[in-house]
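Data file: model-v6.cif. Format and content: mmCIF, C-alpha atoms and all ligand atoms.
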data_protein
loop_
_atom_site.label_atom_id
_atom_site.label_comp_id
_atom_site.auth_asym_id
_atom_site.auth_seq_id
_atom_site.Cartn_x
_atom_site.Cartn_y
_atom_site.Cartn_z
CA MET A 99 18.59 17.49 2.07
CA ASN A 100 19.34 14.66 -0.37
CA VAL A 101 16.78 11.86 -0.35
CA LEU A 102 16.88 8.30 -1.70
CA VAL A 103 13.60 6.59 -2.64
CA ILE A 104 13.56 2.78 -2.92
CA GLY A 105 11.08 1.23 -5.37
CA SER A 106 9.79 1.48 -8.92
CA GLY A 107 5.99 1.74 -8.83
CA GLY A 108 3.29 4.38 -8.96
CA ARG A 109 3.57 4.68 -5.17
CA GLU A 110 7.25 5.63 -5.41
CA HIS A 111 6.56 8.07 -8.27
CA ALA A 112 3.95 9.73 -6.03
CA LEU A 113 6.46 9.90 -3.14
CA VAL A 114 9.07 11.50 -5.41
CA TRP A 115 6.50 13.93 -6.90
CA LYS A 116 5.45 15.10 -3.43
CA LEU A 117 8.96 15.18 -1.91
CA ALA A 118 10.08 17.37 -4.82
CA GLN A 119 7.70 20.10 -3.54
CA SER A 120 9.51 20.44 -0.23
CA PRO A 121 11.47 23.69 0.13
CA ARG A 122 14.15 21.68 1.96
CA ILE A 123 14.69 19.09 -0.76
CA GLY A 124 18.12 18.77 -2.33
CA ARG A 125 18.87 16.02 -4.82
CA ILE A 126 16.42 13.11 -5.13
CA PHE A 127 17.80 9.69 -6.04
CA ALA A 128 15.78 6.56 -6.80
CA THR A 129 16.49 2.84 -7.21
CA PRO A 130 15.38 0.95 -9.26
CA GLY A 131 13.03 3.82 -10.30
CA ASN A 132 11.10 4.13 -13.56
CA PRO A 133 10.95 6.70 -16.41
CA GLY A 134 8.32 8.81 -14.62
CA ILE A 135 10.35 8.85 -11.40
CA PHE A 136 13.42 9.84 -13.43
CA THR A 137 11.73 13.01 -14.66
CA ARG A 138 12.31 14.23 -11.06
CA ALA A 139 14.99 11.96 -9.57
CA GLU A 140 18.48 10.74 -10.46
CA PRO A 141 19.38 7.05 -10.78
CA PHE A 142 21.28 5.60 -7.84
CA PRO A 143 24.27 3.31 -8.43
CA ALA A 144 23.17 0.54 -6.02
CA GLY A 145 20.06 -1.53 -5.37
CA THR A 146 18.53 -3.63 -2.61
CA ALA A 147 20.28 -6.89 -3.58
CA ASP A 148 23.18 -5.90 -1.29
CA LEU A 149 21.87 -3.78 1.61
CA GLU A 150 25.32 -3.11 3.13
CA LYS A 151 26.55 -1.76 -0.19
CA LEU A 152 23.40 0.33 -0.59
CA ALA A 153 23.95 1.87 2.86
CA ALA A 154 27.60 2.60 2.03
CA GLU A 155 26.55 4.36 -1.21
CA ALA A 156 23.88 6.34 0.69
CA ARG A 157 26.54 7.56 3.10
CA SER A 158 28.97 8.51 0.34
CA ARG A 159 26.25 10.55 -1.45
CA ASP A 160 25.24 12.36 1.71
CA ILE A 161 21.69 10.97 1.74
CA GLY A 162 19.84 12.60 4.66
CA LEU A 163 16.79 10.33 4.44
CA THR A 164 16.06 7.03 2.69
CA VAL A 165 12.38 6.33 1.99
CA VAL A 166 11.48 2.67 1.45
CA GLY A 167 8.39 2.06 -0.73
CA PRO A 168 7.78 -1.72 -1.03
CA GLU A 169 7.41 -4.41 1.64
CA GLN A 170 10.07 -6.83 0.40
CA PRO A 171 13.18 -4.84 1.43
CA LEU A 172 11.44 -4.00 4.75
CA ALA A 173 10.86 -7.70 5.44
CA GLU A 174 14.54 -8.26 4.57
CA GLY A 175 15.63 -5.73 7.19
CA ILE A 176 16.71 -2.68 5.16
CA VAL A 177 15.74 -0.38 8.06
CA ASP A 178 17.84 -2.40 10.53
CA VAL A 179 20.87 -2.19 8.21
CA PHE A 180 20.53 1.57 7.65
CA ARG A 181 19.99 2.31 11.36
CA ALA A 182 23.02 0.23 12.31
CA ALA A 183 24.97 2.40 9.87
CA GLY A 184 23.59 5.56 11.53
CA LEU A 185 21.56 6.55 8.46
CA PRO A 186 18.04 8.05 8.89
CA VAL A 187 15.50 5.84 7.14
CA PHE A 188 11.70 5.87 6.75
CA GLY A 189 10.08 2.47 7.36
CA PRO A 190 9.66 -0.21 10.04
CA THR A 191 12.35 -2.60 11.21
CA ARG A 192 12.12 -6.22 10.11
CA ALA A 193 10.61 -7.10 13.50
CA ALA A 194 7.97 -4.35 13.25
CA ALA A 195 7.19 -5.23 9.62
CA GLU A 196 6.10 -8.69 10.79
CA LEU A 197 2.63 -7.10 11.05
CA GLU A 198 2.59 -7.49 7.26
CA TRP A 199 4.87 -10.41 6.53
CA SER A 200 3.10 -12.78 8.93
CA LYS A 201 -0.69 -12.73 8.99
CA ALA A 202 -0.60 -15.21 11.91
CA PHE A 203 1.58 -12.79 13.92
CA ALA A 204 -0.74 -9.89 13.05
CA LYS A 205 -3.87 -11.81 14.10
CA ASP A 206 -2.34 -13.01 17.39
CA PHE A 207 -1.05 -9.47 18.05
CA MET A 208 -4.55 -8.02 17.59
CA THR A 209 -5.96 -10.62 19.98
CA ARG A 210 -3.32 -9.79 22.61
CA HIS A 211 -4.18 -6.10 22.45
CA GLY A 212 -7.95 -6.19 21.95
CA ILE A 213 -7.84 -4.67 18.46
CA PRO A 214 -11.06 -5.40 16.52
CA THR A 215 -10.67 -7.92 13.69
CA ALA A 216 -12.33 -11.06 12.27
CA SER A 217 -12.34 -14.14 14.55
CA TYR A 218 -9.85 -16.73 13.29
CA ARG A 219 -7.70 -19.79 13.91
CA THR A 220 -4.13 -20.35 12.76
CA PHE A 221 -2.92 -23.71 11.44
CA ARG A 222 0.45 -25.09 10.42
CA ALA A 223 1.23 -27.55 7.61
CA GLY A 224 0.15 -30.98 8.82
CA GLU A 225 -2.80 -29.58 10.79
CA GLU A 226 -5.21 -29.81 7.84
CA GLU A 227 -7.37 -32.23 9.87
CA ALA A 228 -7.86 -29.65 12.64
CA ALA A 229 -8.50 -26.98 10.00
CA ARG A 230 -11.21 -29.14 8.43
CA ALA A 231 -12.85 -29.57 11.84
CA TYR A 232 -12.70 -25.80 12.40
CA VAL A 233 -14.26 -25.13 8.98
CA ALA A 234 -17.05 -27.55 9.82
CA SER A 235 -17.74 -25.81 13.14
CA ALA A 236 -17.50 -22.22 11.83
CA ASN A 237 -20.11 -20.45 9.74
CA ALA A 238 -19.45 -19.93 6.02
CA PRO A 239 -18.53 -17.67 4.29
CA LEU A 240 -14.90 -17.97 5.44
CA VAL A 241 -11.56 -16.59 4.32
CA VAL A 242 -8.41 -18.73 4.03
CA LYS A 243 -5.08 -16.84 3.98
CA ALA A 244 -1.47 -17.88 3.46
CA ASP A 245 0.72 -16.58 6.30
CA GLY A 246 3.61 -14.96 4.41
CA LEU A 247 4.03 -12.35 1.68
CA ALA A 248 2.20 -13.64 -1.38
CA ALA A 249 1.96 -10.45 -3.51
CA GLY A 250 -1.75 -10.11 -2.73
CA LYS A 251 -2.52 -13.58 -4.06
CA GLY A 252 -2.60 -15.53 -0.80
CA VAL A 253 -6.24 -14.84 0.15
CA LEU A 254 -9.12 -17.14 -0.82
CA LEU A 255 -12.70 -16.01 -0.18
CA CYS A 256 -14.89 -19.09 0.34
CA ARG A 257 -18.65 -18.81 0.12
CA THR A 258 -19.40 -22.39 1.23
CA PRO A 259 -17.82 -24.87 3.67
CA GLY A 260 -16.91 -27.00 0.62
CA GLU A 261 -14.99 -24.12 -0.92
CA ALA A 262 -13.19 -23.54 2.37
CA LEU A 263 -12.18 -27.20 2.62
CA ARG A 264 -10.78 -27.06 -0.92
CA ALA A 265 -8.94 -23.81 -0.11
CA VAL A 266 -7.32 -25.41 2.94
CA ALA A 267 -6.13 -28.31 0.78
CA ASP A 268 -4.89 -25.99 -2.00
CA ILE A 269 -3.14 -23.31 -0.02
CA ALA A 270 -0.22 -25.30 1.41
CA GLN A 271 0.50 -26.65 -2.06
CA ALA A 272 0.05 -23.40 -3.99
CA PHE A 273 2.04 -21.13 -1.71
CA GLY A 274 4.89 -23.36 -0.57
CA ARG A 275 6.65 -21.70 2.34
CA ALA A 276 4.26 -18.72 2.41
CA GLY A 277 1.35 -21.16 2.89
CA SER A 278 2.95 -23.57 5.33
CA THR A 279 1.13 -21.60 8.03
CA PHE A 280 -2.35 -20.37 7.19
CA VAL A 281 -5.22 -18.53 8.81
CA VAL A 282 -8.92 -19.38 8.53
CA GLU A 283 -11.10 -16.44 9.48
CA GLU A 284 -14.60 -15.12 9.63
CA TYR A 285 -15.82 -13.22 6.55
CA MET A 286 -16.60 -9.59 7.38
CA GLU A 287 -19.39 -7.70 5.66
CA GLY A 288 -19.02 -3.99 4.93
CA LYS A 289 -17.22 -1.29 2.99
CA GLU A 290 -13.43 -1.43 2.78
CA ALA A 291 -11.13 1.55 3.25
CA SER A 292 -7.42 2.18 3.67
CA VAL A 293 -6.03 4.47 6.37
CA PHE A 294 -2.34 5.38 6.47
CA ALA A 295 -0.74 6.43 9.75
CA VAL A 296 2.79 7.81 9.61
CA CYS A 297 4.33 6.64 12.89
CA ASP A 298 7.50 7.33 14.86
CA GLY A 299 7.19 4.57 17.46
CA LYS A 300 5.15 6.69 19.92
CA ASP A 301 3.11 9.21 17.91
CA PHE A 302 1.41 9.21 14.54
CA ALA A 303 -0.24 11.41 11.92
CA THR A 304 -3.04 10.06 9.72
CA LEU A 305 -3.53 10.93 6.06
CA ALA A 306 -6.83 11.16 4.14
CA PRO A 307 -8.73 7.84 4.14
CA ALA A 308 -8.82 6.21 0.70
CA GLN A 309 -10.69 3.52 -1.12
CA ASP A 310 -8.96 1.00 -3.38
CA HIS A 311 -10.60 -1.04 -6.19
CA LYS A 312 -9.05 -4.49 -5.91
CA ARG A 313 -10.98 -6.42 -8.55
CA ALA A 314 -9.93 -6.35 -12.20
CA LEU A 315 -13.33 -5.54 -13.73
CA ASP A 316 -16.16 -3.03 -13.38
CA GLY A 317 -18.71 -3.74 -10.67
CA ASP A 318 -16.04 -5.44 -8.49
CA ARG A 319 -16.01 -8.51 -10.71
CA GLY A 320 -13.06 -10.59 -11.91
CA PRO A 321 -9.91 -11.61 -10.06
CA ASN A 322 -8.15 -9.63 -7.33
CA THR A 323 -5.32 -7.34 -8.44
CA GLY A 324 -2.83 -5.07 -6.71
CA GLY A 325 -5.43 -2.32 -7.15
CA MET A 326 -7.07 -0.87 -10.28
CA GLY A 327 -7.75 2.62 -8.98
CA ALA A 328 -8.43 4.66 -5.88
CA TYR A 329 -10.02 7.80 -4.57
CA ALA A 330 -9.67 9.99 -1.51
CA PRO A 331 -11.06 11.13 0.79
CA ALA A 332 -13.36 8.12 1.23
CA PRO A 333 -16.65 9.64 2.47
CA CYS A 334 -17.63 6.37 4.21
CA VAL A 335 -14.81 7.07 6.71
CA THR A 336 -16.52 9.96 8.46
CA PRO A 337 -14.57 12.11 10.94
CA ALA A 338 -16.26 10.15 13.77
CA ILE A 339 -15.16 6.80 12.29
CA MET A 340 -11.67 8.19 11.76
CA ASP A 341 -11.55 9.11 15.49
CA GLU A 342 -12.69 5.58 16.36
CA VAL A 343 -9.98 4.08 14.10
CA ARG A 344 -7.34 6.20 15.84
CA ALA A 345 -8.56 5.29 19.33
CA THR A 346 -9.40 1.59 18.89
CA ILE A 347 -6.88 0.53 16.24
CA ILE A 348 -3.92 2.82 15.54
CA ARG A 349 -3.15 3.97 19.10
CA PRO A 350 -3.40 0.42 20.58
CA THR A 351 -1.28 -0.93 17.72
CA LEU A 352 1.53 1.54 18.45
CA GLU A 353 1.32 0.95 22.20
CA GLY A 354 1.21 -2.83 21.74
CA MET A 355 4.21 -2.86 19.40
CA SER A 356 6.20 -0.71 21.83
CA ARG A 357 5.30 -2.95 24.75
CA GLU A 358 6.40 -5.99 22.75
CA GLY A 359 9.79 -4.40 22.09
CA ARG A 360 9.27 -3.66 18.40
CA PRO A 361 8.27 0.01 18.24
CA TYR A 362 6.54 0.78 14.94
CA THR A 363 8.07 3.44 12.69
CA GLY A 364 7.15 4.24 9.09
CA CYS A 365 3.75 3.98 7.43
CA LEU A 366 1.22 1.75 9.15
CA TYR A 367 -1.35 0.84 6.50
CA VAL A 368 -4.59 -0.25 8.14
CA GLY A 369 -6.90 -2.12 5.77
CA LEU A 370 -10.35 -1.62 7.31
CA MET A 371 -13.74 -3.22 7.02
CA LEU A 372 -16.49 -0.84 8.16
CA THR A 373 -18.83 -3.39 9.70
CA ALA A 374 -22.14 -2.91 11.49
CA GLU A 375 -20.18 -3.37 14.75
CA GLY A 376 -17.67 -0.66 13.84
CA PRO A 377 -14.33 -0.52 12.01
CA ARG A 378 -12.32 -3.76 12.11
CA VAL A 379 -8.90 -4.64 10.72
CA VAL A 380 -8.76 -6.74 7.54
CA GLU A 381 -4.98 -6.55 7.37
CA TYR A 382 -1.98 -4.44 8.27
CA ASN A 383 0.63 -3.47 5.72
CA CYS A 384 3.96 -2.00 6.73
CA ARG A 385 4.19 0.53 3.88
CA PHE A 386 2.12 2.95 1.84
CA GLY A 387 -0.57 1.32 -0.33
CA ASP A 388 -0.51 1.39 -4.08
CA PRO A 389 -2.50 2.94 -5.83
CA GLU A 390 -3.94 4.69 -2.72
CA THR A 391 -0.73 6.71 -2.23
CA GLN A 392 -1.32 8.23 -5.67
CA VAL A 393 -4.48 9.94 -4.35
CA VAL A 394 -3.54 10.45 -0.70
CA LEU A 395 -0.27 12.35 -1.23
CA PRO A 396 -1.65 14.91 -3.72
CA LEU A 397 -4.22 15.84 -1.01
CA TYR A 398 -1.65 16.16 1.77
CA GLY A 399 -1.33 19.83 2.65
CA GLY A 400 1.93 19.54 4.60
CA ASP A 401 5.58 19.08 3.69
CA LEU A 402 6.12 15.35 3.07
CA LEU A 403 9.85 15.57 3.74
CA ASP A 404 9.13 17.08 7.18
CA LEU A 405 6.64 14.30 7.93
CA LEU A 406 8.80 11.36 6.80
CA GLU A 407 11.86 12.77 8.51
CA ALA A 408 9.90 13.24 11.75
CA SER A 409 8.87 9.57 11.49
CA ALA A 410 12.50 8.50 11.13
CA ARG A 411 13.71 10.80 13.95
CA GLY A 412 10.88 10.26 16.48
CA THR A 413 9.64 13.87 16.38
CA ILE A 414 6.07 13.60 15.03
CA ALA A 415 4.68 15.17 18.24
CA SER A 416 6.52 18.41 17.41
CA LEU A 417 4.93 18.79 13.94
CA PRO A 418 2.12 21.35 13.69
CA PRO A 419 -1.25 19.53 13.94
CA ARG A 420 -2.93 19.33 10.56
CA ARG A 421 -6.68 19.25 9.87
CA PRO A 422 -7.65 17.55 6.61
CA GLY A 423 -7.98 20.24 3.94
CA PRO A 424 -10.52 20.38 1.12
CA GLY A 425 -9.93 18.55 -2.15
CA ALA A 426 -10.58 15.23 -3.84
CA ALA A 427 -8.38 12.98 -5.95
CA VAL A 428 -9.13 10.03 -8.21
CA CYS A 429 -6.59 7.63 -9.75
CA VAL A 430 -7.39 5.32 -12.67
CA VAL A 431 -4.84 2.53 -13.20
CA LEU A 432 -4.12 1.72 -16.85
CA ALA A 433 -3.15 -1.96 -17.06
CA SER A 434 -1.66 -4.33 -19.64
CA GLY A 435 -4.05 -6.65 -21.50
CA GLY A 436 -4.36 -9.87 -19.49
CA TYR A 437 -3.33 -8.39 -16.10
CA PRO A 438 -3.53 -9.77 -13.37
CA GLY A 439 -2.92 -12.91 -15.42
CA LYS A 440 -0.33 -13.25 -18.19
CA TYR A 441 0.40 -10.15 -20.26
CA GLU A 442 2.89 -8.95 -22.86
CA THR A 443 5.23 -6.00 -22.36
CA GLY A 444 7.10 -3.67 -24.71
CA LYS A 445 3.95 -1.96 -26.10
CA ARG A 446 4.67 1.64 -27.08
CA ILE A 447 2.64 4.17 -25.04
CA SER A 448 1.33 7.28 -26.76
CA GLY A 449 -0.38 10.35 -25.39
CA LEU A 450 1.90 10.95 -22.39
CA PRO A 451 3.01 14.52 -21.71
CA ALA A 452 6.77 15.21 -21.58
CA GLY A 453 6.75 15.80 -17.82
CA ASP A 454 4.56 13.97 -15.31
CA THR A 455 1.96 16.71 -14.74
CA GLU A 456 -0.50 18.62 -16.90
CA GLY A 457 -2.80 21.05 -15.15
CA ARG A 458 -4.31 19.16 -12.22
CA VAL A 459 -3.62 15.71 -13.74
CA ILE A 460 -0.55 13.70 -12.72
CA TYR A 461 0.64 10.77 -14.82
CA PHE A 462 2.24 8.41 -12.29
CA HIS A 463 4.37 5.71 -13.90
CA ALA A 464 4.39 2.13 -12.61
CA GLY A 465 5.31 -0.58 -15.15
CA THR A 466 6.96 1.56 -17.84
CA ARG A 467 10.41 1.65 -19.42
CA ARG A 468 12.28 4.00 -21.73
CA GLU A 469 13.27 2.43 -25.05
CA ALA A 470 16.54 3.15 -26.88
CA ASP A 471 14.74 5.63 -29.17
CA GLY A 472 13.48 7.59 -26.14
CA SER A 473 9.87 6.41 -26.38
CA ILE A 474 8.03 4.96 -23.36
CA ALA A 475 6.79 1.37 -23.46
CA THR A 476 4.89 -0.93 -21.11
CA ALA A 477 7.01 -3.04 -18.75
CA GLY A 478 4.57 -4.43 -16.18
CA GLY A 479 0.96 -5.29 -15.33
CA ARG A 480 -0.06 -1.97 -13.85
CA VAL A 481 1.42 0.54 -16.30
CA LEU A 482 0.25 4.04 -15.32
CA GLY A 483 -1.85 5.69 -12.61
CA VAL A 484 -3.66 8.72 -14.01
CA THR A 485 -4.59 10.93 -11.06
CA ALA A 486 -6.82 14.02 -11.18
CA MET A 487 -7.04 16.46 -8.28
CA GLU A 488 -9.83 18.88 -7.52
CA PRO A 489 -9.30 21.73 -5.09
CA ALA A 490 -12.87 21.32 -3.74
CA HIS A 491 -14.52 18.20 -2.26
CA ASP A 492 -15.83 17.34 -5.73
CA ILE A 493 -15.17 13.67 -6.45
CA ALA A 494 -17.49 13.73 -9.51
CA ALA A 495 -15.33 16.40 -11.13
CA ALA A 496 -12.14 14.49 -10.26
CA ILE A 497 -13.59 11.29 -11.77
CA ALA A 498 -14.47 13.12 -14.99
CA ALA A 499 -11.03 14.72 -15.22
CA ALA A 500 -9.20 11.43 -14.58
CA TYR A 501 -11.18 9.64 -17.29
CA ARG A 502 -10.69 12.51 -19.78
CA ALA A 503 -6.94 12.19 -19.24
CA ALA A 504 -7.00 8.36 -19.37
CA ALA A 505 -8.81 8.49 -22.73
CA GLY A 506 -5.82 10.37 -24.18
CA ILE A 507 -3.40 7.48 -23.48
CA THR A 508 -3.16 4.48 -25.77
CA PHE A 509 -1.11 1.28 -25.96
CA GLU A 510 -1.89 -2.12 -27.41
CA GLY A 511 -4.08 -4.16 -25.04
CA ILE A 512 -4.76 -1.27 -22.59
CA HIS A 513 -7.50 -1.99 -20.09
CA TYR A 514 -8.88 -0.13 -17.12
CA ARG A 515 -11.99 0.06 -15.00
CA HIS A 516 -14.66 2.58 -15.86
CA ASP A 517 -16.25 2.84 -12.42
CA ILE A 518 -13.42 4.13 -10.24
CA GLY A 519 -14.81 6.47 -7.59
CA LYS A 520 -18.46 5.58 -8.22
CA GLY A 521 -18.76 4.23 -4.68
CA ALA A 522 -18.12 7.74 -3.34
CA LEU A 523 -21.09 9.16 -5.24
CA ALA A 524 -23.69 6.71 -3.91
P1 LIG B 1 -5.75 -9.12 2.47
O1 LIG B 1 -4.56 -9.50 1.63
O2 LIG B 1 -5.77 -9.74 3.81
O3 LIG B 1 -5.99 -7.66 2.46
O4 LIG B 1 -7.02 -9.67 1.67
C1 LIG B 1 -7.29 -9.25 0.34
C2 LIG B 1 -8.74 -8.88 0.20
O5 LIG B 1 -9.57 -9.98 0.57
C3 LIG B 1 -9.18 -7.76 1.12
O6 LIG B 1 -8.89 -6.51 0.59
C4 LIG B 1 -10.66 -8.02 1.24
O7 LIG B 1 -11.34 -7.52 0.11
C5 LIG B 1 -10.74 -9.51 1.23
N1 LIG B 1 -10.76 -10.03 2.62
C6 LIG B 1 -9.71 -10.47 3.34
N2 LIG B 1 -10.10 -10.88 4.55
C7 LIG B 1 -11.42 -10.70 4.61
C8 LIG B 1 -12.42 -10.96 5.61
N3 LIG B 1 -12.11 -11.51 6.80
N4 LIG B 1 -13.69 -10.65 5.32
C9 LIG B 1 -14.03 -10.12 4.12
N5 LIG B 1 -13.16 -9.88 3.14
C10 LIG B 1 -11.86 -10.16 3.37
N1 LIG B 2 -3.61 -1.33 -2.80
C1 LIG B 2 -3.36 -2.38 -1.90
C2 LIG B 2 -1.99 -2.47 -1.39
O1 LIG B 2 -1.16 -1.62 -1.61
O2 LIG B 2 -1.68 -3.45 -0.72
#
What's the structure tokens form of this structure?
Ligand code: AMP
Ligand code: GLY
Amino acid sequence: MNVLVIGSGGREHALVWKLAQSPRIGRIFATPGNPGIFTRAEPFPAGTADLEKLAAEARSRDIGLTVVGPEQPLAEGIVDVFRAAGLPVFGPTRAAAELEWSKAFAKDFMTRHGIPTASYRTFRAGEEEAARAYVASANAPLVVKADGLAAGKGVLLCRTPGEALRAVADIAQAFGRAGSTFVVEEYMEGKEASVFAVCDGKDFATLAPAQDHKRALDGDRGPNTGGMGAYAPAPCVTPAIMDEVRATIIRPTLEGMSREGRPYTGCLYVGLMLTAEGPRVVEYNCRFGDPETQVVLPLYGGDLLDLLEASARGTIASLPPRRPGPGAAVCVVLASGGYPGKYETGKRISGLPAGDTEGRVIYFHAGTRREADGSIATAGGRVLGVTAMEPAHDIAAAIAAAYRAAAGITFEGIHYRHDIGKGALA
């Protein structure tokens, strides 16, 4: 079967890397792709700027499944367009993706269906007075969030009521339309973890729980980023907690979405806080997480094409049940100097192998480009995700292997965290 993968990050490289292992895979196409992805996939002559044209090209190239990586095309309705054209596609419809593109919708949805999350109030532009009163009546610390997609930058953690009042004043201004509605919520204490459920509207299959490292610097200091590294499985998500997450969060989410006429298909990303009262939802995303996908997929023991196709076709119940296998994976993100703030691009990268894999290390590309002379240069904030796999549950060995491989890569301004995975050892 020919497959088209939409996106250009480390997540999409990981999807392509895993899909390529399926015995049923035919040609793999990618758009926009990156040099790492193009070691295994062919460029596709259309992009997401014109979804109708993209669907027409997919039909003419006999694409049996289109896999959508990022949230933006999902929020723009790529799945609706492909389905209307009769083309199998992995991802949620625009209506189902509202779980990610509107935090207010997601919070109200959780309230309607009794799904555990932080207590909150939603406000619209012009209701700053009411928001100030709410802040005064609630207990700090609080979290103020812009409603719409804000590339991970729409969340302000406020330690004091004063900080929360300032955040309320700032957010409408800073985020324009994305901030014209905002949520003020209770701060939850606990460990964070990411759980991915591949859903077909009725049934789902969960992948290994992962932990992301959102802050830029060691010791969880510095500004928030898209994610500086990840490991899986996250030992804090014990099998018992995983069962609780399935029963109290994932199952009610699927049932609630069906009942509300927007059945959820694709990857449901549940951002969890493991609180003293049990697992609670920090956020939903409507796609695989990045960099978590770079550690979760290498550990998946099944055929990813089978799984994603079953999600698109509504046949997850007929897949053989899969117990989590042994193994551990650690991904260290190599970033451009200055990221997540301003950074330069075009720095030549040395130390990369010719392919994307060397032994049990995979070099997932994110912000890279191929120069005219064939060399690889930096082209974004998060440049590479260096992932090491261990066949046993040995996270310490995976950490050591990932850092040995990372040390072999150089480019001007390179920076990365040195404590990825440490939380799993404690
Ligand atoms: P979000 O975009 O909603 O995932 O928020 C980004 C990050 O902010 C999360 O990964 C958490 O680390 C933190 N965060 C968001 N909401 C809360 C909350 N209610 N309590 C504690 N931390 C939070
Ligand atoms: N790693 C966080 C995200 O993908 O949203």
**Request:** Give me, please, the distance in Å between atom N1 of ligand LIG 1 (chain B) and CA of Asp310 in chain A, quoted to one decimal.
**Result:**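 Answer for the atom N1 of ligand LIG 1 (chain B) to CA of Asp310 in chain A separation: 12.7 Å.
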**Request:** Compute the distance from (-10.8, 15.6, -10.3) to each atom, counting only C-alpha atoms, keep the residues with any atom at most 8 Å away, and return them as JSON, numbers by chain; use the coordinates of the file.
**Result:** {"A": [426, 427, 428, 458, 459, 485, 486, 487, 488, 492, 493, 494, 495, 496, 497, 498, 499, 500]}
Written file, previous selection with C-alpha atoms, as a PDB file, in the frame of the given file:
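Result written to out-v9.pdb:
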ATOM      1  CA  ALA A 426     -10.580  15.230  -3.840  1.00  0.00           C
ATOM      2  CA  ALA A 427      -8.380  12.980  -5.950  1.00  0.00           C
ATOM      3  CA  VAL A 428      -9.130  10.030  -8.210  1.00  0.00           C
ATOM      4  CA  ARG A 458      -4.310  19.160 -12.220  1.00  0.00           C
ATOM      5  CA  VAL A 459      -3.620  15.710 -13.740  1.00  0.00           C
ATOM      6  CA  THR A 485      -4.590  10.930 -11.060  1.00  0.00           C
ATOM      7  CA  ALA A 486      -6.820  14.020 -11.180  1.00  0.00           C
ATOM      8  CA  MET A 487      -7.040  16.460  -8.280  1.00  0.00           C
ATOM      9  CA  GLU A 488      -9.830  18.880  -7.520  1.00  0.00           C
ATOM     10  CA  ASP A 492     -15.830  17.340  -5.730  1.00  0.00           C
ATOM     11  CA  ILE A 493     -15.170  13.670  -6.450  1.00  0.00           C
ATOM     12  CA  ALA A 494     -17.490  13.730  -9.510  1.00  0.00           C
ATOM     13  CA  ALA A 495     -15.330  16.400 -11.130  1.00  0.00           C
ATOM     14  CA  ALA A 496     -12.140  14.490 -10.260  1.00  0.00           C
ATOM     15  CA  ILE A 497     -13.590  11.290 -11.770  1.00  0.00           C
ATOM     16  CA  ALA A 498     -14.470  13.120 -14.990  1.00  0.00           C
ATOM     17  CA  ALA A 499     -11.030  14.720 -15.220  1.00  0.00           C
ATOM     18  CA  ALA A 500      -9.200  11.430 -14.580  1.00  0.00           C
TER      19      ALA A 500
END
Contacts of Ser200 in chain A at 7 Å or less, counting only C-alpha atoms, minus same-chain residues fewer than 4 places along, as a compact mmCIF listing (two decimals) with C-alpha atoms, in the frame of the given file?
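Output file selection34.txt follows:
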# COMPACT_ATOMS: atom_id res chain seq x y z
CA GLU A 196 6.10 -8.69 10.79
CA ALA A 204 -0.74 -9.89 13.05
CA ASP A 245 0.72 -16.58 6.30
CA GLY A 246 3.61 -14.96 4.41
**Message:** Neighbouring residues of Arg181 in chain A were defined as those with any atom within 12 Å, considering all atoms listed in the file; residues of the same chain fewer than 2 positions away were excluded. Please report them as a ChimeraX atom specification.
**Reply:** /A:149-150,153,157,163-164,175-179,183-192,410-411
Residue selection dump (C-alpha atoms) as a PDB file, keeping the file's coordinate frame:
ATOM      1  CA  LEU A 149      21.870  -3.780   1.610  1.00  0.00           C
ATOM      2  CA  GLU A 150      25.320  -3.110   3.130  1.00  0.00           C
ATOM      3  CA  ALA A 153      23.950   1.870   2.860  1.00  0.00           C
ATOM      4  CA  ARG A 157      26.540   7.560   3.100  1.00  0.00           C
ATOM      5  CA  LEU A 163      16.790  10.330   4.440  1.00  0.00           C
ATOM      6  CA  THR A 164      16.060   7.030   2.690  1.00  0.00           C
ATOM      7  CA  GLY A 175      15.630  -5.730   7.190  1.00  0.00           C
ATOM      8  CA  ILE A 176      16.710  -2.680   5.160  1.00  0.00           C
ATOM      9  CA  VAL A 177      15.740  -0.380   8.060  1.00  0.00           C
ATOM     10  CA  ASP A 178      17.840  -2.400  10.530  1.00  0.00           C
ATOM     11  CA  VAL A 179      20.870  -2.190   8.210  1.00  0.00           C
ATOM     12  CA  ALA A 183      24.970   2.400   9.870  1.00  0.00           C
ATOM     13  CA  GLY A 184      23.590   5.560  11.530  1.00  0.00           C
ATOM     14  CA  LEU A 185      21.560   6.550   8.460  1.00  0.00           C
ATOM     15  CA  PRO A 186      18.040   8.050   8.890  1.00  0.00           C
ATOM     16  CA  VAL A 187      15.500   5.840   7.140  1.00  0.00           C
ATOM     17  CA  PHE A 188      11.700   5.870   6.750  1.00  0.00           C
ATOM     18  CA  GLY A 189      10.080   2.470   7.360  1.00  0.00           C
ATOM     19  CA  PRO A 190       9.660  -0.210  10.040  1.00  0.00           C
ATOM     20  CA  THR A 191      12.350  -2.600  11.210  1.00  0.00           C
ATOM     21  CA  ARG A 192      12.120  -6.220  10.110  1.00  0.00           C
ATOM     22  CA  ALA A 410      12.500   8.500  11.130  1.00  0.00           C
ATOM     23  CA  ARG A 411      13.710  10.800  13.950  1.00  0.00           C
TER      24      ARG A 411
END
Write out, as a tab-separated table, each residue of range 125-235 of chain A that has an atom at most 9 Å from range 342-359 of chain A, together with the closest pair of atoms and their distance in Å to one decimal, counting all atoms listed in the file, rows going by chain and rising number.
residue	atom	partner	partner_atom	distance
A:Ala194	CA	A:Met355	CA	7.4
A:Phe207	CA	A:Gly354	CA	7.9
A:Met208	CA	A:Thr351	CA	7.8
A:Arg210	CA	A:Gly354	CA	8.3
A:His211	CA	A:Gly354	CA	6.3
A:Gly212	CA	A:Pro350	CA	8.1
A:Ile213	CA	A:Ile347	CA	5.7
A:Pro214	CA	A:Ile347	CA	7.3
